[in-house]
file input.cif (mmCIF, C-alpha atoms)
data_query
loop_
_atom_site.label_atom_id
_atom_site.label_comp_id
_atom_site.auth_asym_id
_atom_site.auth_seq_id
_atom_site.Cartn_x
_atom_site.Cartn_y
_atom_site.Cartn_z
CA MET A 1 -74.45 49.84 20.32
CA SER A 2 -72.90 48.41 23.45
CA SER A 3 -75.22 45.37 23.35
CA LEU A 4 -74.22 44.61 19.77
CA PHE A 5 -70.57 44.89 20.75
CA ARG A 6 -70.94 42.47 23.63
CA ARG A 7 -72.81 39.86 21.62
CA ALA A 8 -70.44 39.92 18.64
CA ARG A 9 -67.48 38.32 20.33
CA VAL A 10 -66.62 36.07 17.41
CA LEU A 11 -66.25 38.96 14.98
CA ILE A 12 -64.28 41.04 17.46
CA ALA A 13 -61.82 38.25 18.18
CA ALA A 14 -61.33 37.64 14.47
CA VAL A 15 -60.28 41.22 13.86
CA GLY A 16 -57.24 40.74 16.08
CA LEU A 17 -56.03 41.65 19.51
CA LEU A 18 -57.24 45.12 20.41
CA ALA A 19 -55.42 45.43 23.71
CA LEU A 20 -54.65 48.96 24.85
CA TRP A 21 -51.63 49.10 27.13
CA VAL A 22 -51.90 51.34 30.15
CA PRO A 23 -48.74 51.53 32.32
CA GLY A 24 -49.34 50.16 35.78
CA PRO A 25 -47.82 51.32 39.05
CA ALA A 26 -44.06 51.11 39.31
CA SER A 27 -42.68 48.32 41.46
CA ALA A 28 -40.28 50.40 43.52
CA ALA A 29 -39.89 48.87 46.97
CA PRO A 30 -39.54 51.06 50.03
CA ALA A 31 -37.02 50.23 52.73
CA LYS A 32 -39.74 48.97 55.06
CA ALA A 33 -43.45 48.26 54.93
CA ALA A 34 -45.60 51.34 54.45
CA ALA A 35 -48.24 52.07 57.05
CA ALA A 36 -50.74 53.14 54.39
CA PRO A 37 -51.24 52.81 50.63
CA SER A 38 -49.77 55.55 48.45
CA CYS A 39 -52.99 56.58 46.68
CA PRO A 40 -55.34 59.45 47.61
CA ALA A 41 -58.03 58.63 50.16
CA ALA A 42 -60.72 58.67 47.45
CA ASP A 43 -59.04 55.72 45.72
CA ARG A 44 -58.33 53.78 48.89
CA ILE A 45 -59.98 50.79 50.57
CA ASP A 46 -59.33 50.66 54.30
CA THR A 47 -61.31 48.14 56.35
CA THR A 48 -60.85 46.81 59.86
CA LEU A 49 -62.66 43.48 60.17
CA LYS A 50 -64.57 42.34 63.22
CA ASN A 51 -61.63 40.47 64.76
CA GLY A 52 -59.36 43.52 64.50
CA ALA A 53 -57.44 42.57 61.37
CA ARG A 54 -57.05 45.40 58.88
CA TRP A 55 -56.73 45.45 55.09
CA GLN A 56 -55.64 48.51 53.12
CA MET A 57 -55.19 48.93 49.39
CA CYS A 58 -55.68 51.19 46.39
CA TRP A 59 -58.02 50.40 43.52
CA ASP A 60 -58.40 51.51 39.91
CA ILE A 61 -59.94 50.31 36.66
CA ASP A 62 -57.88 49.25 33.65
CA ARG A 63 -59.55 48.99 30.25
CA ASN A 64 -58.24 45.45 29.67
CA THR A 65 -58.05 43.81 33.09
CA GLY A 66 -60.87 45.59 34.91
CA ALA A 67 -60.27 46.14 38.63
CA VAL A 68 -56.63 46.58 39.64
CA LEU A 69 -55.66 46.46 43.32
CA SER A 70 -52.34 47.89 44.47
CA ASP A 71 -50.34 48.60 47.63
CA VAL A 72 -52.10 45.75 49.45
CA ILE A 73 -51.23 45.87 53.17
CA TYR A 74 -52.31 43.42 55.87
CA THR A 75 -52.24 44.27 59.57
CA PRO A 76 -52.96 41.25 61.80
CA ASN A 77 -55.02 41.64 64.93
CA ARG A 78 -52.60 43.07 67.53
CA GLY A 79 -49.87 43.08 64.84
CA THR A 80 -47.92 45.45 62.62
CA PRO A 81 -48.57 46.33 58.94
CA THR A 82 -47.09 43.97 56.37
CA ARG A 83 -47.11 44.76 52.67
CA VAL A 84 -48.16 41.79 50.55
CA LEU A 85 -48.68 42.90 46.96
CA LYS A 86 -47.63 45.88 44.93
CA SER A 87 -50.39 45.14 42.41
CA ALA A 88 -52.89 42.39 41.53
CA SER A 89 -55.26 41.93 38.61
CA LEU A 90 -56.57 39.58 35.96
CA ALA A 91 -54.14 38.91 33.13
CA GLU A 92 -56.21 36.90 30.64
CA VAL A 93 -59.47 34.94 30.30
CA HIS A 94 -58.96 32.44 27.48
CA VAL A 95 -62.10 30.60 26.29
CA PRO A 96 -61.43 27.90 23.66
CA TYR A 97 -64.28 25.62 22.52
CA ASP A 98 -63.80 21.86 22.30
CA SER A 99 -64.41 21.66 18.54
CA GLY A 100 -61.39 23.90 17.98
CA GLN A 101 -63.30 27.10 17.19
CA PRO A 102 -64.01 29.74 18.35
CA ARG A 103 -61.16 30.69 20.70
CA PHE A 104 -61.68 33.87 22.69
CA TYR A 105 -59.21 36.10 24.55
CA ASP A 106 -61.57 38.16 26.64
CA VAL A 107 -59.10 40.36 28.54
CA SER A 108 -56.72 41.27 25.72
CA ALA A 109 -59.14 41.33 22.76
CA ILE A 110 -62.28 42.75 24.41
CA GLY A 111 -61.45 44.14 27.84
CA PHE A 112 -63.05 43.75 31.28
CA GLY A 113 -62.99 47.44 32.18
CA ASP A 114 -64.46 49.31 29.21
CA LEU A 115 -67.26 51.61 30.39
CA GLU A 116 -67.84 53.10 26.94
CA GLN A 117 -68.48 49.71 25.34
CA GLY A 118 -70.41 48.49 28.36
CA THR A 119 -68.27 45.52 29.34
CA LEU A 120 -67.74 46.92 32.85
CA THR A 121 -71.11 46.56 34.57
CA ARG A 122 -72.88 49.26 36.57
CA LEU A 123 -73.66 47.82 40.00
CA GLY A 124 -76.70 48.55 42.14
CA ALA A 125 -77.88 48.10 45.70
CA LYS A 126 -78.95 44.49 45.08
CA ASP A 127 -75.41 43.63 43.98
CA CYS A 128 -73.89 45.04 47.17
CA PRO A 129 -76.60 44.78 49.85
CA ASP A 130 -74.33 45.00 52.90
CA GLY A 131 -71.42 47.01 51.55
CA ARG A 132 -70.39 50.19 49.84
CA LEU A 133 -70.41 50.88 46.12
CA ARG A 134 -67.38 52.70 44.73
CA ASP A 135 -67.54 54.88 41.62
CA PHE A 136 -65.27 54.98 38.60
CA ARG A 137 -65.98 58.00 36.37
CA ASP A 138 -69.19 58.61 38.30
CA THR A 139 -70.40 55.05 37.73
CA PRO A 140 -70.73 52.51 40.59
CA VAL A 141 -68.60 49.55 39.47
CA LEU A 142 -66.98 48.12 42.61
CA CYS A 143 -68.54 46.59 45.71
CA VAL A 144 -66.64 46.57 49.02
CA GLU A 145 -68.27 44.64 51.87
CA GLU A 146 -67.55 42.47 54.89
CA GLN A 147 -68.99 38.96 54.62
CA PRO A 148 -69.19 36.08 57.14
CA ARG A 149 -66.55 33.32 57.04
CA PRO A 150 -67.78 30.31 59.02
CA PHE A 151 -65.51 28.41 61.39
CA ALA A 152 -62.42 30.55 61.52
CA TYR A 153 -61.62 28.00 64.19
CA LYS A 154 -63.27 25.48 66.52
CA SER A 155 -61.27 24.15 69.45
CA ALA A 156 -62.15 21.58 72.09
CA VAL A 157 -59.12 22.74 74.08
CA GLU A 158 -60.20 26.37 73.99
CA ASN A 159 -63.82 25.25 74.45
CA GLY A 160 -65.00 27.66 71.84
CA VAL A 161 -65.75 28.42 68.19
CA LEU A 162 -65.09 31.55 66.18
CA HIS A 163 -66.76 32.56 62.95
CA GLY A 164 -64.64 35.03 61.03
CA THR A 165 -65.20 37.55 58.27
CA ASP A 166 -63.74 38.46 54.88
CA LEU A 167 -63.31 41.80 53.17
CA VAL A 168 -64.82 41.13 49.72
CA VAL A 169 -63.99 43.37 46.77
CA PHE A 170 -65.61 42.61 43.42
CA SER A 171 -66.63 43.98 40.05
CA VAL A 172 -68.68 42.46 37.19
CA SER A 173 -67.91 42.43 33.48
CA GLU A 174 -70.34 41.40 30.72
CA ILE A 175 -68.36 39.60 28.02
CA GLY A 176 -70.44 37.99 25.31
CA TRP A 177 -73.00 35.72 26.93
CA TYR A 178 -71.17 35.56 30.23
CA ASP A 179 -71.19 37.86 33.23
CA TYR A 180 -67.85 37.46 35.00
CA ILE A 181 -67.65 38.31 38.70
CA THR A 182 -64.05 39.23 39.49
CA GLU A 183 -63.73 38.80 43.24
CA TRP A 184 -60.95 39.21 45.80
CA ARG A 185 -61.54 37.90 49.34
CA PHE A 186 -59.24 39.23 52.07
CA SER A 187 -59.72 37.14 55.21
CA ASP A 188 -59.15 38.15 58.83
CA ASP A 189 -56.47 35.44 59.11
CA GLY A 190 -54.41 37.10 56.36
CA SER A 191 -55.28 34.79 53.47
CA ILE A 192 -56.31 36.13 50.07
CA THR A 193 -58.63 34.29 47.66
CA PRO A 194 -58.75 35.64 44.11
CA ARG A 195 -61.51 33.99 42.12
CA SER A 196 -63.71 34.43 39.07
CA GLY A 197 -67.37 33.48 38.84
CA ALA A 198 -68.90 32.89 35.40
CA THR A 199 -72.65 33.35 35.21
CA GLY A 200 -75.15 35.03 32.87
CA SER A 201 -76.22 32.94 29.88
CA LEU A 202 -75.02 29.66 28.40
CA SER A 203 -73.33 30.26 25.05
CA PRO A 204 -75.53 29.42 22.04
CA PHE A 205 -72.94 27.28 20.19
CA GLN A 206 -74.58 23.96 19.38
CA PHE A 207 -73.75 20.77 17.46
CA SER A 208 -75.76 17.80 16.23
CA ASP A 209 -73.75 15.13 18.08
CA ALA A 210 -72.11 14.51 21.43
CA SER A 211 -68.47 14.58 20.30
CA SER A 212 -67.96 18.15 21.56
CA GLY A 213 -71.02 18.84 23.64
CA TRP A 214 -73.79 17.75 25.98
CA PRO A 215 -77.50 17.46 25.17
CA THR A 216 -79.54 20.39 26.51
CA GLY A 217 -83.21 20.96 25.97
CA VAL A 218 -85.80 18.35 24.94
CA GLY A 219 -84.43 15.07 23.62
CA SER A 220 -80.92 14.58 22.27
CA THR A 221 -80.88 16.63 19.09
CA ARG A 222 -79.26 19.80 20.45
CA PHE A 223 -75.81 19.65 22.03
CA SER A 224 -74.37 22.70 23.78
CA GLU A 225 -70.63 22.85 23.11
CA ASN A 226 -68.11 22.12 25.83
CA HIS A 227 -65.46 24.79 26.40
CA SER A 228 -62.78 25.93 28.83
CA HIS A 229 -62.34 29.04 30.95
CA ASN A 230 -58.59 29.43 31.37
CA ILE A 231 -57.94 32.36 33.70
CA PHE A 232 -54.61 34.00 34.46
CA TRP A 233 -53.96 36.34 37.38
CA ARG A 234 -50.95 38.65 37.69
CA LEU A 235 -49.55 39.19 41.23
CA ASP A 236 -46.65 41.59 41.76
CA PHE A 237 -45.32 40.55 45.18
CA ASP A 238 -43.49 42.96 47.48
CA VAL A 239 -43.44 41.00 50.73
CA ASP A 240 -42.99 43.39 53.64
CA GLY A 241 -42.17 46.20 51.24
CA GLN A 242 -38.74 44.87 50.22
CA SER A 243 -37.49 44.34 46.68
CA LYS A 244 -35.21 41.38 47.50
CA ASN A 245 -37.92 38.75 47.58
CA ARG A 246 -37.28 35.11 46.74
CA VAL A 247 -39.45 32.36 45.22
CA GLU A 248 -39.23 28.83 46.60
CA GLN A 249 -40.94 25.61 45.53
CA TYR A 250 -41.63 22.88 48.10
CA ASP A 251 -42.16 19.21 47.26
CA TYR A 252 -42.70 16.23 49.56
CA PRO A 253 -41.60 13.09 47.71
CA GLY A 254 -42.06 9.65 49.19
CA SER A 255 -45.64 8.73 48.28
CA GLY A 256 -46.10 5.00 48.83
CA THR A 257 -43.38 4.82 51.46
CA ALA A 258 -43.43 5.13 55.24
CA ALA A 259 -41.23 8.24 55.29
CA ARG A 260 -41.44 11.46 53.33
CA THR A 261 -38.85 14.16 52.83
CA THR A 262 -38.90 17.88 52.16
CA LYS A 263 -37.37 19.18 48.96
CA ARG A 264 -36.89 22.92 48.61
CA THR A 265 -36.05 24.47 45.25
CA VAL A 266 -35.05 28.13 45.12
CA PHE A 267 -35.97 29.87 41.88
CA SER A 268 -33.09 32.29 41.50
CA ARG A 269 -34.04 33.11 37.91
CA GLU A 270 -37.26 33.47 35.92
CA THR A 271 -39.03 30.17 35.42
CA ALA A 272 -42.26 28.32 34.62
CA ALA A 273 -43.71 25.66 36.91
CA ASP A 274 -46.52 23.13 37.00
CA LEU A 275 -48.94 21.75 39.55
CA ALA A 276 -48.05 18.49 41.27
CA PRO A 277 -49.33 16.61 44.32
CA THR A 278 -47.95 17.97 47.62
CA ARG A 279 -46.33 20.95 45.89
CA PHE A 280 -46.62 24.61 46.80
CA TRP A 281 -44.73 27.82 46.24
CA ARG A 282 -43.96 30.72 48.51
CA VAL A 283 -42.62 34.25 48.03
CA VAL A 284 -40.36 34.94 50.98
CA ASN A 285 -38.52 37.98 52.26
CA PRO A 286 -35.38 36.58 53.93
CA THR A 287 -34.56 39.96 55.45
CA THR A 288 -37.68 40.29 57.63
CA GLU A 289 -38.73 37.88 60.37
CA ASN A 290 -41.56 37.32 62.79
CA SER A 291 -40.89 37.25 66.53
CA ASP A 292 -39.94 33.55 66.33
CA GLY A 293 -37.10 34.44 63.96
CA HIS A 294 -38.75 32.89 60.88
CA ALA A 295 -38.70 34.70 57.54
CA LYS A 296 -42.05 36.16 56.47
CA SER A 297 -43.62 34.71 53.34
CA TRP A 298 -46.84 34.17 51.43
CA GLU A 299 -47.73 30.74 50.12
CA ILE A 300 -49.52 30.18 46.79
CA ASP A 301 -52.01 27.29 46.89
CA ASN A 302 -53.21 26.51 43.35
CA HIS A 303 -54.56 22.98 43.16
CA GLN A 304 -58.04 23.39 41.69
CA SER A 305 -57.24 23.54 37.99
CA ASP A 306 -58.17 21.34 35.02
CA GLN A 307 -54.73 22.16 33.53
CA TYR A 308 -55.68 23.05 29.99
CA ARG A 309 -52.94 22.72 27.35
CA GLY A 310 -53.54 24.27 23.93
CA PRO A 311 -51.64 23.90 20.64
CA ARG A 312 -47.99 24.84 21.14
CA GLU A 313 -47.71 26.79 17.91
CA THR A 314 -50.38 29.32 18.96
CA GLU A 315 -51.02 28.83 22.71
CA GLU A 316 -47.65 28.05 24.26
CA PHE A 317 -48.57 30.28 27.20
CA THR A 318 -51.14 27.66 28.34
CA HIS A 319 -48.50 24.95 28.85
CA HIS A 320 -47.62 25.85 32.44
CA ASP A 321 -49.69 26.53 35.55
CA MET A 322 -47.34 29.08 37.11
CA TYR A 323 -44.82 31.58 35.83
CA PHE A 324 -42.43 33.62 37.96
CA THR A 325 -40.89 36.60 36.20
CA GLN A 326 -38.76 39.57 37.18
CA TYR A 327 -40.87 42.72 37.38
CA ARG A 328 -41.06 44.72 34.17
CA GLU A 329 -43.59 47.52 33.90
CA CYS A 330 -44.60 46.65 30.33
CA GLU A 331 -45.49 43.01 31.11
CA ARG A 332 -49.16 43.44 31.97
CA LEU A 333 -51.09 40.66 30.17
CA ALA A 334 -50.54 36.90 29.95
CA TYR A 335 -51.39 36.98 26.23
CA GLY A 336 -51.86 39.69 23.64
CA ASN A 337 -49.53 42.10 25.41
CA THR A 338 -49.07 45.08 23.05
CA ALA A 339 -46.77 47.32 25.07
CA PRO A 340 -43.93 48.73 22.93
CA ASP A 341 -40.61 46.89 23.10
CA CYS A 342 -42.15 44.12 25.21
CA ALA A 343 -42.88 40.42 24.72
CA THR A 344 -46.41 39.44 23.73
CA SER A 345 -47.16 36.60 26.17
CA VAL A 346 -46.11 35.26 29.56
CA ASP A 347 -44.21 32.26 28.17
CA LYS A 348 -41.88 34.77 26.48
CA TYR A 349 -41.38 36.79 29.68
CA THR A 350 -39.44 33.94 31.28
CA GLY A 351 -35.89 34.55 30.09
CA ASP A 352 -32.77 34.11 32.16
CA GLU A 353 -33.14 37.24 34.27
CA LYS A 354 -32.31 37.10 37.97
CA LEU A 355 -35.44 36.91 40.12
CA THR A 356 -35.31 39.55 42.87
CA ASP A 357 -38.63 41.37 42.39
CA PRO A 358 -40.95 38.49 41.50
CA VAL A 359 -44.26 38.64 39.65
CA ALA A 360 -46.37 35.48 39.84
CA TRP A 361 -48.67 34.54 36.97
CA VAL A 362 -51.22 32.01 38.21
CA SER A 363 -53.39 29.97 35.83
CA VAL A 364 -56.59 28.20 36.96
CA ASP A 365 -58.49 26.32 34.26
CA PHE A 366 -62.09 25.09 34.29
CA HIS A 367 -63.60 22.75 31.67
CA HIS A 368 -67.28 23.62 31.32
CA VAL A 369 -69.45 20.70 30.21
CA PRO A 370 -72.96 22.23 30.00
CA ARG A 371 -75.96 20.85 31.88
CA ASP A 372 -79.69 21.35 31.50
CA GLU A 373 -79.44 23.34 34.74
CA ASP A 374 -77.10 25.83 33.02
CA GLN A 375 -79.86 27.18 30.81
CA ASP A 376 -80.83 30.80 31.61
CA PRO A 377 -80.05 32.07 34.09
CA MET A 378 -76.80 30.10 34.36
CA PRO A 379 -75.72 29.38 37.97
CA THR A 380 -72.32 30.83 38.85
CA HIS A 381 -69.34 28.49 38.60
CA TRP A 382 -66.25 29.63 40.49
CA GLN A 383 -62.55 29.07 39.89
CA GLY A 384 -59.65 30.52 41.84
CA PHE A 385 -56.79 29.92 44.27
CA ARG A 386 -55.47 31.03 47.68
CA ILE A 387 -52.54 33.04 48.99
CA VAL A 388 -51.81 32.15 52.60
CA PRO A 389 -49.49 33.86 55.12
CA ARG A 390 -46.65 31.58 56.20
CA ASP A 391 -44.78 32.77 59.29
CA VAL A 392 -46.03 36.34 58.99
CA THR A 393 -47.02 36.13 62.67
CA ALA A 394 -45.54 33.87 65.36
CA THR A 395 -48.93 32.55 66.51
CA SER A 396 -52.54 32.69 65.45
CA GLN A 397 -53.92 36.21 65.77
CA LEU A 398 -57.53 35.09 65.90
CA PRO A 399 -59.09 36.31 69.16
#
call {"tool": "encode", "arguments": {"input": "input.cif", "output": "structure tokens"}}
result
Amino acid sequence: MSSLFRRARVLIAAVGLLALWVPGPASAAPAKAAAAPSCPAADRIDTTLKNGARWQMCWDIDRNTGAVLSDVIYTPNRGTPTRVLKSASLAEVHVPYDSGQPRFYDVSAIGFGDLEQGTLTRLGAKDCPDGRLRDFRDTPVLCVEEQPRPFAYKSAVENGVLHGTDLVVFSVSEIGWYDYITEWRFSDDGSITPRSGATGSLSPFQFSDASSGWPTGVGSTRFSENHSHNIFWRLDFDVDGQSKNRVEQYDYPGSGTAARTTKRTVFSRETAADLAPTRFWRVVNPTTENSDGHAKSWEIDNHQSDQYRGPRETEEFTHHDMYFTQYRECERLAYGNTAPDCATSVDKYTGDEKLTDPVAWVSVDFHHVPRDEDQDPMPTHWQGFRIVPRDVTATSQLP
């Protein structure tokens, strides 16, 4: 039954959005950063990496989004705990095909965390050879392991080189022909890399010409259809455990000239934003500082996107790369949100509300043009972004 469900994505999507809303953790901000996550020890991840940096967080499984991480706390080597995120998860995986049909909404219409239907994959020892498997409802579904990170630094002045490590937390969901690896990498330097890896099998949609596909197999009579993987992540920031966080956009105009300038834009109210050269965003807590007197913040680096834009009448939510909204408990999905008395998609979340408890919605799009090499088993293609500490510590804490 579960196999039939997984392979019948077209019929499922045609029925309508089947999203089941499950309230997430409240975004109440304590007066100062907590020393430990709020969940019971059984639901907690607590890892000290080889260089002394420590990551703590809670984890759970949501029927739609799969793995949900919350109360994410970073403690630098020789430093003090700093809360980064109240919660983090997928928010949508939108898969439109180049011919115009089909158009899938894998998170809202199918769900990445459904054990009963078999979309959330049981993991085994081969999936997590150097880590620890964590159980959800007596089923191993999450791998937690420390992995090497080459060249944390190399310095001629220091006459040395350091290879670092990452705490890697991942789950796998089987959606149609694809197996999606939902991975979060927490590095010893404080950076976070959320990414999704699509593998499994190449979809069987084929056409007789090259207008929407690429020839696969013998000759040029079978064309596998091109398609996009448009992935949204939802990040509820609580930098250093305070509710009065602020979002800033930085631009560096002056390309083609000898001098460049810095332009800072403060987003005081909910807004949408787009990628641009030499542009980044940060979520800053102006009330907490490092020992140099600089406000602590976390920078969002999202430059590896194909920037998909769908039809405005049905896919307006795809027309921006970033959204910053004021926290509302019911706003859980980027599309197909079915919570009562709540908007249905992220483009409708951005009203004129003051932005003091920001939630970032990050879109990274990948246009998949099939290759002969993609035929079973399909090599994993990754897409994601980085969150980098900016002035969380006064100097590098790498040993």
call {"tool": "resolve_selection", "arguments": {"input": "input.cif", "expression": "the PyMOL selection byres ((chain A and resi 165) around 9)", "output": "short mmCIF file (atom, residue, chain, number, x, y, z; two decimals) with C-alpha atoms, in the frame of the given file"}}
result
data_model
loop_
_atom_site.label_atom_id
_atom_site.label_comp_id
_atom_site.auth_asym_id
_atom_site.auth_seq_id
_atom_site.Cartn_x
_atom_site.Cartn_y
_atom_site.Cartn_z
CA LEU A 49 -62.66 43.48 60.17
CA LYS A 50 -64.57 42.34 63.22
CA ASN A 51 -61.63 40.47 64.76
CA GLU A 146 -67.55 42.47 54.89
CA GLN A 147 -68.99 38.96 54.62
CA PRO A 148 -69.19 36.08 57.14
CA ARG A 149 -66.55 33.32 57.04
CA PRO A 150 -67.78 30.31 59.02
CA ALA A 152 -62.42 30.55 61.52
CA HIS A 163 -66.76 32.56 62.95
CA GLY A 164 -64.64 35.03 61.03
CA ASP A 166 -63.74 38.46 54.88
CA LEU A 167 -63.31 41.80 53.17
CA PHE A 186 -59.24 39.23 52.07
CA SER A 187 -59.72 37.14 55.21
CA ASP A 188 -59.15 38.15 58.83
#
call {"tool": "axis_aligned_box", "arguments": {"input": "input.cif", "around": "region 370-387 of chain A", "padding_each_side": "6 Å", "output": "JSON"}}
result
{"center_x": -66.7, "center_y": 26.9, "center_z": 39.5, "size_x": 40.3, "size_y": 24.2, "size_z": 31.0}
call {"tool": "residues_near_point", "arguments": {"input": "input.cif", "point": "(-77.1, 30.6, 34.9)", "cutoff": "7 Å", "atoms": "all atoms listed in the file", "output": "list in words"}}
result
Thr199, Gly200, Ser201, Leu202, Asp374, Gln375, Asp376, Pro377, Met378, Pro379 and Thr380 of chain A
call {"tool": "atom_distance", "arguments": {"input": "input.cif", "atom1": "CA of Arg195 (chain A)", "atom2": "CA of Arg312 (chain A)"}}
result
26.6 Å
call {"tool": "closest_residue", "arguments": {"input": "input.cif", "among": "A:Thr121, A:Thr271, A:Thr65, A:Thr278", "to": "Tyr349 (chain A)", "atoms": "all atoms listed in the file"}}
result
A:Thr271
call {"tool": "resolve_selection", "arguments": {"input": "input.cif", "expression": "the PyMOL selection byres ((chain A and resi 268) around 9)", "output": "list in words"}}
result
Arg246, Val247, Glu248, Val266, Phe267, Arg269, Glu270, Thr271, Glu353, Lys354, Leu355 and Thr356 of chain A
call {"tool": "resolve_selection", "arguments": {"input": "input.cif", "expression": "the PyMOL selection byres ((chain A and resi 234-240) around 8)", "output": "JSON, numbers by chain"}}
result
{"A": [27, 29, 32, 33, 82, 83, 84, 85, 86, 87, 88, 89, 90, 91, 232, 233, 241, 242, 243, 245, 283, 284, 285, 288, 296, 297, 298, 327, 332, 333, 334, 357, 358, 359, 360, 361, 362]}
call {"tool": "atom_distance", "arguments": {"input": "input.cif", "atom1": "CA of Asp372 (chain A)", "atom2": "CA of Ser212 (chain A)"}}
result
15.7 Å
call {"tool": "residues_around", "arguments": {"input": "input.cif", "residues": "Val172 (chain A)", "least_positions_apart": "3", "cutoff": "10 Å", "atoms": "only C-alpha atoms", "output": "list in words"}}
result
Gly66, Ala67, Phe112, Gly113, Thr119, Leu120, Thr121, Arg122, Leu123, Asp127, Val141, Leu142, Cys143, Ile175, Asp179, Tyr180, Ile181, Thr182, Glu183, Ser196, Gly197 and Ala198 of chain A
call {"tool": "atom_distance", "arguments": {"input": "input.cif", "atom1": "CA of Asp365 (chain A)", "atom2": "CA of His381 (chain A)"}}
result
11.9 Å
call {"tool": "closest_residue", "arguments": {"input": "input.cif", "among": "A:Ala272, A:Ile73, A:Val369, A:Cys342", "to": "Ala210 (chain A)", "atoms": "all atoms listed in the file"}}
result
A:Val369
call {"tool": "decode", "arguments": {"input": "input.cif", "residues": "region 319-332 of chain A", "atoms": "N, CA, C and O atoms", "output": "short mmCIF file (atom, residue, chain, number, x, y, z; two decimals), in the first residue's frame"}}
result
data_model
loop_
_atom_site.label_atom_id
_atom_site.label_comp_id
_atom_site.auth_asym_id
_atom_site.auth_seq_id
_atom_site.Cartn_x
_atom_site.Cartn_y
_atom_site.Cartn_z
N HIS A 319 7.96 34.07 -6.46
CA HIS A 319 8.49 35.26 -7.11
C HIS A 319 9.49 36.04 -6.27
O HIS A 319 9.89 37.15 -6.65
N HIS A 320 9.88 35.49 -5.13
CA HIS A 320 10.94 36.11 -4.33
C HIS A 320 11.82 35.00 -3.74
O HIS A 320 11.36 33.88 -3.52
N ASP A 321 13.08 35.35 -3.47
CA ASP A 321 14.04 34.39 -2.95
C ASP A 321 14.06 34.35 -1.43
O ASP A 321 14.51 33.36 -0.84
N MET A 322 13.62 35.42 -0.80
CA MET A 322 13.61 35.52 0.66
C MET A 322 12.33 36.21 1.10
O MET A 322 11.84 37.12 0.44
N TYR A 323 11.80 35.75 2.21
CA TYR A 323 10.71 36.45 2.88
C TYR A 323 11.09 36.58 4.35
O TYR A 323 11.65 35.64 4.94
N PHE A 324 10.77 37.72 4.94
CA PHE A 324 10.96 37.93 6.37
C PHE A 324 9.61 38.31 6.97
O PHE A 324 9.04 39.34 6.60
N THR A 325 9.09 37.47 7.85
CA THR A 325 7.78 37.71 8.42
C THR A 325 7.85 37.73 9.93
O THR A 325 8.76 37.13 10.54
N GLN A 326 6.90 38.41 10.55
CA GLN A 326 6.77 38.38 12.00
C GLN A 326 6.23 37.02 12.42
O GLN A 326 5.33 36.48 11.79
N TYR A 327 6.80 36.47 13.49
CA TYR A 327 6.40 35.14 13.93
C TYR A 327 4.91 35.05 14.18
O TYR A 327 4.33 35.88 14.88
N ARG A 328 4.29 34.05 13.58
CA ARG A 328 2.93 33.64 13.89
C ARG A 328 2.93 32.11 13.93
O ARG A 328 3.44 31.45 13.02
N GLU A 329 2.36 31.55 14.97
CA GLU A 329 2.43 30.11 15.16
C GLU A 329 1.80 29.34 14.01
O GLU A 329 2.27 28.25 13.64
N CYS A 330 0.76 29.88 13.40
CA CYS A 330 0.04 29.13 12.37
C CYS A 330 0.75 29.12 11.02
O CYS A 330 0.42 28.32 10.15
N GLU A 331 1.73 30.00 10.81
CA GLU A 331 2.41 30.09 9.53
C GLU A 331 3.55 29.07 9.49
O GLU A 331 4.69 29.36 9.85
N ARG A 332 3.24 27.87 9.01
CA ARG A 332 4.19 26.76 9.06
C ARG A 332 4.76 26.37 7.70
O ARG A 332 5.88 25.89 7.62
#
